[in-house]
Amino acid sequence: MKLHVLGLILIALGACGGPGFDKPVQLGDRLVDRDTLNYGRDQFNRFCATCHGYDGKANTSQARQLDPQPRDFTLGQFKRVASPGALPTDQELSVVIQHGIPPVMPAWPQLEGKALDAVIQYLKTFSQRWNSDATPAPKKAKVAP
């Protein structure tokens, strides 16, 4: 009986955060490799999922106790951006993640470098806006012969 319960717990833990990524994903003008996204999912699950949910919808028991409610990443709507209605830049997301939003969102200063970038790229996978509203990379001007 104990082994059966332990097996169910391990299966449930393995299911947290959805399936892994097996190929790169285009997010805005960046093609993000699968290793970055899988690492980002692991870090997101560790630091962010308690409030934002494993599915990014912020429909968790912890989130329901907070006022204001945590951001639902599936909507692709953000308040702390330079241009209202726009998607945040990686830098804008970095500031919010590392400094938090007192008094509800804690700061995560230990997320930096590769881990911070991976979380940012992973949270973009929750909303299709990162693809549909993506700004294409600037094209190189053709030089006349």
# chains A, B, ... in the order shown; residues from 1 in each chain; ligands from 1

call {"tool": "select_by_dssp", "arguments": {"residues": "region 8-135 of chain A", "states": "helix (DSSP H, G or I)", "output": "NGL selection string"}}
result
:A and (8-15 or 34-47 or 49-52 or 61-64 or 73-75 or 90-99 or 113-124 or 129-132)

call {"tool": "residues_around", "arguments": {"residues": "Gly76 (chain A)", "least_positions_apart": "5", "cutoff": "9 Å", "atoms": "only C-alpha atoms", "output": "mmCIF file with C-alpha atoms, in the first residue's frame"}}
result
data_model
loop_
_atom_site.group_PDB
_atom_site.id
_atom_site.type_symbol
_atom_site.label_atom_id
_atom_site.label_comp_id
_atom_site.auth_asym_id
_atom_site.auth_seq_id
_atom_site.Cartn_x
_atom_site.Cartn_y
_atom_site.Cartn_z
ATOM 1 C CA LEU A 87 3.941 42.956 -24.294
ATOM 2 C CA LYS A 124 5.969 33.568 -22.681
ATOM 3 C CA PHE A 126 1.555 30.538 -21.811
ATOM 4 C CA SER A 127 0.140 33.132 -24.255
ATOM 5 C CA GLN A 128 -0.140 33.083 -28.037
ATOM 6 C CA ARG A 129 0.376 36.864 -28.005
ATOM 7 C CA TRP A 130 4.123 36.280 -27.967
#

call {"tool": "closest_residue", "arguments": {"among": "A:Ala63, A:Lys57, A:Asp117, A:Thr125", "to": "Gln43 (chain A)", "atoms": "only C-alpha atoms"}}
result
A:Asp117

call {"tool": "select_by_dssp", "arguments": {"residues": "region 2-140 of chain A", "states": "strand (DSSP E)", "output": "compact mmCIF listing (two decimals) with all heavy atoms, in the first residue's frame"}}
result
# COMPACT_ATOMS: atom_id res chain seq x y z
N VAL A 25 11.01 26.75 -29.72
CA VAL A 25 9.76 27.48 -29.89
C VAL A 25 10.08 28.92 -30.25
O VAL A 25 10.95 29.55 -29.63
CB VAL A 25 8.92 27.44 -28.58
CG1 VAL A 25 7.67 28.30 -28.71
CG2 VAL A 25 8.54 26.01 -28.22
N GLN A 26 9.39 29.44 -31.27
CA GLN A 26 9.55 30.83 -31.67
C GLN A 26 8.74 31.71 -30.72
O GLN A 26 7.52 31.56 -30.63
CB GLN A 26 9.06 31.03 -33.11
CG GLN A 26 9.35 32.40 -33.67
CD GLN A 26 10.82 32.60 -34.00
OE1 GLN A 26 11.48 31.68 -34.46
NE2 GLN A 26 11.32 33.80 -33.76
N LEU A 27 9.39 32.60 -30.00
CA LEU A 27 8.74 33.51 -29.07
C LEU A 27 9.16 34.92 -29.42
O LEU A 27 10.28 35.34 -29.15
CB LEU A 27 9.12 33.18 -27.62
CG LEU A 27 8.70 31.79 -27.14
CD1 LEU A 27 9.37 31.43 -25.83
CD2 LEU A 27 7.18 31.72 -27.00
N ARG A 30 12.64 35.67 -31.25
CA ARG A 30 13.68 34.76 -30.76
C ARG A 30 13.23 33.31 -30.85
O ARG A 30 12.14 32.95 -30.40
CB ARG A 30 14.02 35.10 -29.32
CG ARG A 30 15.07 34.21 -28.70
CD ARG A 30 15.44 34.68 -27.32
NE ARG A 30 16.26 33.70 -26.63
CZ ARG A 30 16.63 33.80 -25.37
NH1 ARG A 30 16.25 34.84 -24.66
NH2 ARG A 30 17.36 32.86 -24.81
N LEU A 31 14.06 32.46 -31.41
CA LEU A 31 13.84 31.03 -31.41
C LEU A 31 14.52 30.49 -30.15
O LEU A 31 15.74 30.54 -30.02
CB LEU A 31 14.45 30.38 -32.66
CG LEU A 31 14.18 28.89 -32.81
CD1 LEU A 31 12.68 28.61 -32.98
CD2 LEU A 31 14.95 28.33 -34.00
N VAL A 32 13.69 30.01 -29.20
CA VAL A 32 14.20 29.58 -27.90
C VAL A 32 14.37 28.06 -27.91
O VAL A 32 13.41 27.33 -28.21
CB VAL A 32 13.26 30.02 -26.76
CG1 VAL A 32 13.82 29.62 -25.41
CG2 VAL A 32 13.01 31.52 -26.82

call {"tool": "closest_residue", "arguments": {"among": "A:Ser132, A:Ser94, A:Ser61, A:Gln77", "to": "Val119 (chain A)", "atoms": "only C-alpha atoms"}}
result
A:Ser94

call {"tool": "residues_around", "arguments": {"residues": "Gln98 (chain A)", "least_positions_apart": "5", "cutoff": "6 Å", "atoms": "only C-alpha atoms", "output": "list in words"}}
result
Ala107, Trp108 and Pro109 of chain A

call {"tool": "write_last_selection", "arguments": {"atoms": "N, CA, C and O atoms", "output": "PDB file, in the first residue's frame"}}
result
ATOM      1  N   ALA A 107      10.137  39.290  -4.172  1.00  0.00           N
ATOM      2  CA  ALA A 107      11.288  39.464  -5.054  1.00  0.00           C
ATOM      3  C   ALA A 107      12.027  38.137  -5.144  1.00  0.00           C
ATOM      4  O   ALA A 107      12.091  37.385  -4.171  1.00  0.00           O
ATOM      5  N   TRP A 108      12.567  37.852  -6.302  1.00  0.00           N
ATOM      6  CA  TRP A 108      13.371  36.647  -6.498  1.00  0.00           C
ATOM      7  C   TRP A 108      14.754  37.060  -7.015  1.00  0.00           C
ATOM      8  O   TRP A 108      15.125  36.760  -8.148  1.00  0.00           O
ATOM      9  N   PRO A 109      15.562  37.743  -6.200  1.00  0.00           N
ATOM     10  CA  PRO A 109      16.866  38.207  -6.659  1.00  0.00           C
ATOM     11  C   PRO A 109      17.827  37.066  -6.983  1.00  0.00           C
ATOM     12  O   PRO A 109      18.789  37.257  -7.723  1.00  0.00           O
TER      13      PRO A 109
END

call {"tool": "decode", "arguments": {"residues": "region 93-142 of chain A", "atoms": "N, CA and C atoms", "output": "JSON list (two decimals), in the first residue's frame"}}
result
[["chain", "number", "residue", "atom", "x", "y", "z"],
["A", 93, "LEU", "N", 10.29, 42.37, -17.66],
["A", 93, "LEU", "CA", 9.96, 41.16, -16.90],
["A", 93, "LEU", "C", 11.03, 40.87, -15.85],
["A", 94, "SER", "N", 12.29, 41.08, -16.22],
["A", 94, "SER", "CA", 13.40, 40.86, -15.28],
["A", 94, "SER", "C", 13.25, 41.70, -14.02],
["A", 95, "VAL", "N", 12.91, 42.97, -14.21],
["A", 95, "VAL", "CA", 12.76, 43.88, -13.07],
["A", 95, "VAL", "C", 11.66, 43.39, -12.14],
["A", 96, "VAL", "N", 10.52, 43.01, -12.69],
["A", 96, "VAL", "CA", 9.41, 42.54, -11.86],
["A", 96, "VAL", "C", 9.79, 41.27, -11.13],
["A", 97, "ILE", "N", 10.42, 40.33, -11.82],
["A", 97, "ILE", "CA", 10.78, 39.06, -11.19],
["A", 97, "ILE", "C", 11.82, 39.28, -10.08],
["A", 98, "GLN", "N", 12.84, 40.04, -10.36],
["A", 98, "GLN", "CA", 13.91, 40.21, -9.39],
["A", 98, "GLN", "C", 13.56, 41.13, -8.22],
["A", 99, "HIS", "N", 12.67, 42.09, -8.45],
["A", 99, "HIS", "CA", 12.33, 43.06, -7.40],
["A", 99, "HIS", "C", 10.95, 42.83, -6.80],
["A", 100, "GLY", "N", 10.13, 42.03, -7.46],
["A", 100, "GLY", "CA", 8.79, 41.74, -6.95],
["A", 100, "GLY", "C", 7.87, 42.94, -7.10],
["A", 101, "ILE", "N", 6.66, 42.77, -6.57],
["A", 101, "ILE", "CA", 5.66, 43.84, -6.54],
["A", 101, "ILE", "C", 5.08, 43.87, -5.13],
["A", 102, "PRO", "N", 5.70, 44.66, -4.26],
["A", 102, "PRO", "CA", 5.22, 44.73, -2.88],
["A", 102, "PRO", "C", 3.76, 45.19, -2.83],
["A", 103, "PRO", "N", 2.95, 44.71, -1.96],
["A", 103, "PRO", "CA", 3.26, 43.73, -0.93],
["A", 103, "PRO", "C", 2.92, 42.30, -1.32],
["A", 104, "VAL", "N", 2.45, 42.06, -2.57],
["A", 104, "VAL", "CA", 1.99, 40.71, -2.91],
["A", 104, "VAL", "C", 3.02, 39.80, -3.54],
["A", 105, "MET", "N", 3.75, 40.27, -4.51],
["A", 105, "MET", "CA", 4.70, 39.40, -5.19],
["A", 105, "MET", "C", 6.08, 39.55, -4.57],
["A", 106, "PRO", "N", 6.63, 38.43, -4.10],
["A", 106, "PRO", "CA", 7.97, 38.51, -3.52],
["A", 106, "PRO", "C", 9.03, 38.75, -4.60],
["A", 107, "ALA", "N", 10.14, 39.29, -4.17],
["A", 107, "ALA", "CA", 11.29, 39.46, -5.05],
["A", 107, "ALA", "C", 12.03, 38.14, -5.14],
["A", 108, "TRP", "N", 12.57, 37.85, -6.30],
["A", 108, "TRP", "CA", 13.37, 36.65, -6.50],
["A", 108, "TRP", "C", 14.75, 37.06, -7.02],
["A", 109, "PRO", "N", 15.56, 37.74, -6.20],
["A", 109, "PRO", "CA", 16.87, 38.21, -6.66],
["A", 109, "PRO", "C", 17.83, 37.07, -6.98],
["A", 110, "GLN", "N", 17.56, 35.88, -6.43],
["A", 110, "GLN", "CA", 18.43, 34.75, -6.73],
["A", 110, "GLN", "C", 18.25, 34.23, -8.16],
["A", 111, "LEU", "N", 17.16, 34.63, -8.80],
["A", 111, "LEU", "CA", 17.00, 34.30, -10.22],
["A", 111, "LEU", "C", 17.77, 35.32, -11.03],
["A", 112, "GLU", "N", 18.81, 34.88, -11.65],
["A", 112, "GLU", "CA", 19.63, 35.77, -12.46],
["A", 112, "GLU", "C", 20.26, 34.98, -13.59],
["A", 113, "GLY", "N", 20.82, 35.67, -14.53],
["A", 113, "GLY", "CA", 21.53, 35.02, -15.63],
["A", 113, "GLY", "C", 20.66, 34.03, -16.38],
["A", 114, "LYS", "N", 21.21, 32.83, -16.57],
["A", 114, "LYS", "CA", 20.54, 31.78, -17.35],
["A", 114, "LYS", "C", 19.18, 31.41, -16.76],
["A", 115, "ALA", "N", 19.10, 31.30, -15.44],
["A", 115, "ALA", "CA", 17.83, 30.91, -14.80],
["A", 115, "ALA", "C", 16.76, 31.97, -15.02],
["A", 116, "LEU", "N", 17.11, 33.24, -14.88],
["A", 116, "LEU", "CA", 16.16, 34.32, -15.08],
["A", 116, "LEU", "C", 15.68, 34.35, -16.53],
["A", 117, "ASP", "N", 16.61, 34.27, -17.47],
["A", 117, "ASP", "CA", 16.24, 34.25, -18.89],
["A", 117, "ASP", "C", 15.33, 33.06, -19.19],
["A", 118, "ALA", "N", 15.63, 31.91, -18.64],
["A", 118, "ALA", "CA", 14.82, 30.71, -18.91],
["A", 118, "ALA", "C", 13.40, 30.88, -18.38],
["A", 119, "VAL", "N", 13.24, 31.45, -17.19],
["A", 119, "VAL", "CA", 11.90, 31.69, -16.63],
["A", 119, "VAL", "C", 11.13, 32.66, -17.53],
["A", 120, "ILE", "N", 11.78, 33.72, -17.95],
["A", 120, "ILE", "CA", 11.14, 34.71, -18.82],
["A", 120, "ILE", "C", 10.67, 34.07, -20.12],
["A", 121, "GLN", "N", 11.54, 33.29, -20.74],
["A", 121, "GLN", "CA", 11.16, 32.66, -22.00],
["A", 121, "GLN", "C", 10.03, 31.65, -21.79],
["A", 122, "TYR", "N", 10.09, 30.89, -20.70],
["A", 122, "TYR", "CA", 9.05, 29.91, -20.42],
["A", 122, "TYR", "C", 7.70, 30.57, -20.17],
["A", 123, "LEU", "N", 7.66, 31.66, -19.41],
["A", 123, "LEU", "CA", 6.35, 32.26, -19.12],
["A", 123, "LEU", "C", 5.71, 32.82, -20.39],
["A", 124, "LYS", "N", 6.51, 33.12, -21.40],
["A", 124, "LYS", "CA", 5.97, 33.57, -22.68],
["A", 124, "LYS", "C", 5.19, 32.45, -23.39],
["A", 125, "THR", "N", 5.49, 31.21, -23.07],
["A", 125, "THR", "CA", 4.81, 30.10, -23.75],
["A", 125, "THR", "C", 3.35, 29.96, -23.34],
["A", 126, "PHE", "N", 2.94, 30.63, -22.27],
["A", 126, "PHE", "CA", 1.55, 30.54, -21.81],
["A", 126, "PHE", "C", 0.58, 31.30, -22.71],
["A", 127, "SER", "N", 1.03, 32.31, -23.44],
["A", 127, "SER", "CA", 0.14, 33.13, -24.26],
["A", 127, "SER", "C", 0.57, 33.15, -25.72],
["A", 128, "GLN", "N", -0.40, 33.01, -26.60],
["A", 128, "GLN", "CA", -0.14, 33.08, -28.04],
["A", 128, "GLN", "C", 0.25, 34.49, -28.48],
["A", 129, "ARG", "N", 0.01, 35.50, -27.63],
["A", 129, "ARG", "CA", 0.38, 36.86, -28.00],
["A", 129, "ARG", "C", 1.85, 37.00, -28.33],
["A", 130, "TRP", "N", 2.68, 36.17, -27.70],
["A", 130, "TRP", "CA", 4.12, 36.28, -27.97],
["A", 130, "TRP", "C", 4.43, 35.91, -29.40],
["A", 131, "ASN", "N", 3.54, 35.18, -30.05],
["A", 131, "ASN", "CA", 3.72, 34.86, -31.47],
["A", 131, "ASN", "C", 2.95, 35.81, -32.36],
["A", 132, "SER", "N", 1.67, 36.06, -32.02],
["A", 132, "SER", "CA", 0.83, 36.88, -32.90],
["A", 132, "SER", "C", 1.20, 38.36, -32.86],
["A", 133, "ASP", "N", 1.68, 38.86, -31.73],
["A", 133, "ASP", "CA", 2.05, 40.27, -31.61],
["A", 133, "ASP", "C", 3.56, 40.48, -31.74],
["A", 134, "ALA", "N", 4.23, 39.44, -32.15],
["A", 134, "ALA", "CA", 5.69, 39.50, -32.19],
["A", 134, "ALA", "C", 6.18, 40.57, -33.17],
["A", 135, "THR", "N", 7.19, 41.26, -32.74],
["A", 135, "THR", "CA", 7.85, 42.22, -33.62],
["A", 135, "THR", "C", 8.92, 41.47, -34.39],
["A", 136, "PRO", "N", 8.82, 41.44, -35.71],
["A", 136, "PRO", "CA", 9.83, 40.71, -36.46],
["A", 136, "PRO", "C", 11.21, 41.33, -36.33],
["A", 137, "ALA", "N", 12.21, 40.50, -36.44],
["A", 137, "ALA", "CA", 13.58, 40.99, -36.37],
["A", 137, "ALA", "C", 13.81, 41.94, -37.54],
["A", 138, "PRO", "N", 14.59, 43.01, -37.31],
["A", 138, "PRO", "CA", 14.83, 43.96, -38.41],
["A", 138, "PRO", "C", 15.51, 43.25, -39.57],
["A", 139, "LYS", "N", 15.05, 43.60, -40.77],
["A", 139, "LYS", "CA", 15.64, 43.01, -41.96],
["A", 139, "LYS", "C", 16.82, 43.85, -42.41],
["A", 140, "LYS", "N", 17.81, 43.15, -42.91],
["A", 140, "LYS", "CA", 18.98, 43.85, -43.41],
["A", 140, "LYS", "C", 18.63, 44.51, -44.73],
["A", 141, "ALA", "N", 19.05, 45.75, -44.88],
["A", 141, "ALA", "CA", 18.80, 46.47, -46.11],
["A", 141, "ALA", "C", 19.62, 45.85, -47.24],
["A", 142, "LYS", "N", 18.98, 45.74, -48.39],
["A", 142, "LYS", "CA", 19.71, 45.20, -49.55],
["A", 142, "LYS", "C", 20.55, 46.31, -50.14]]
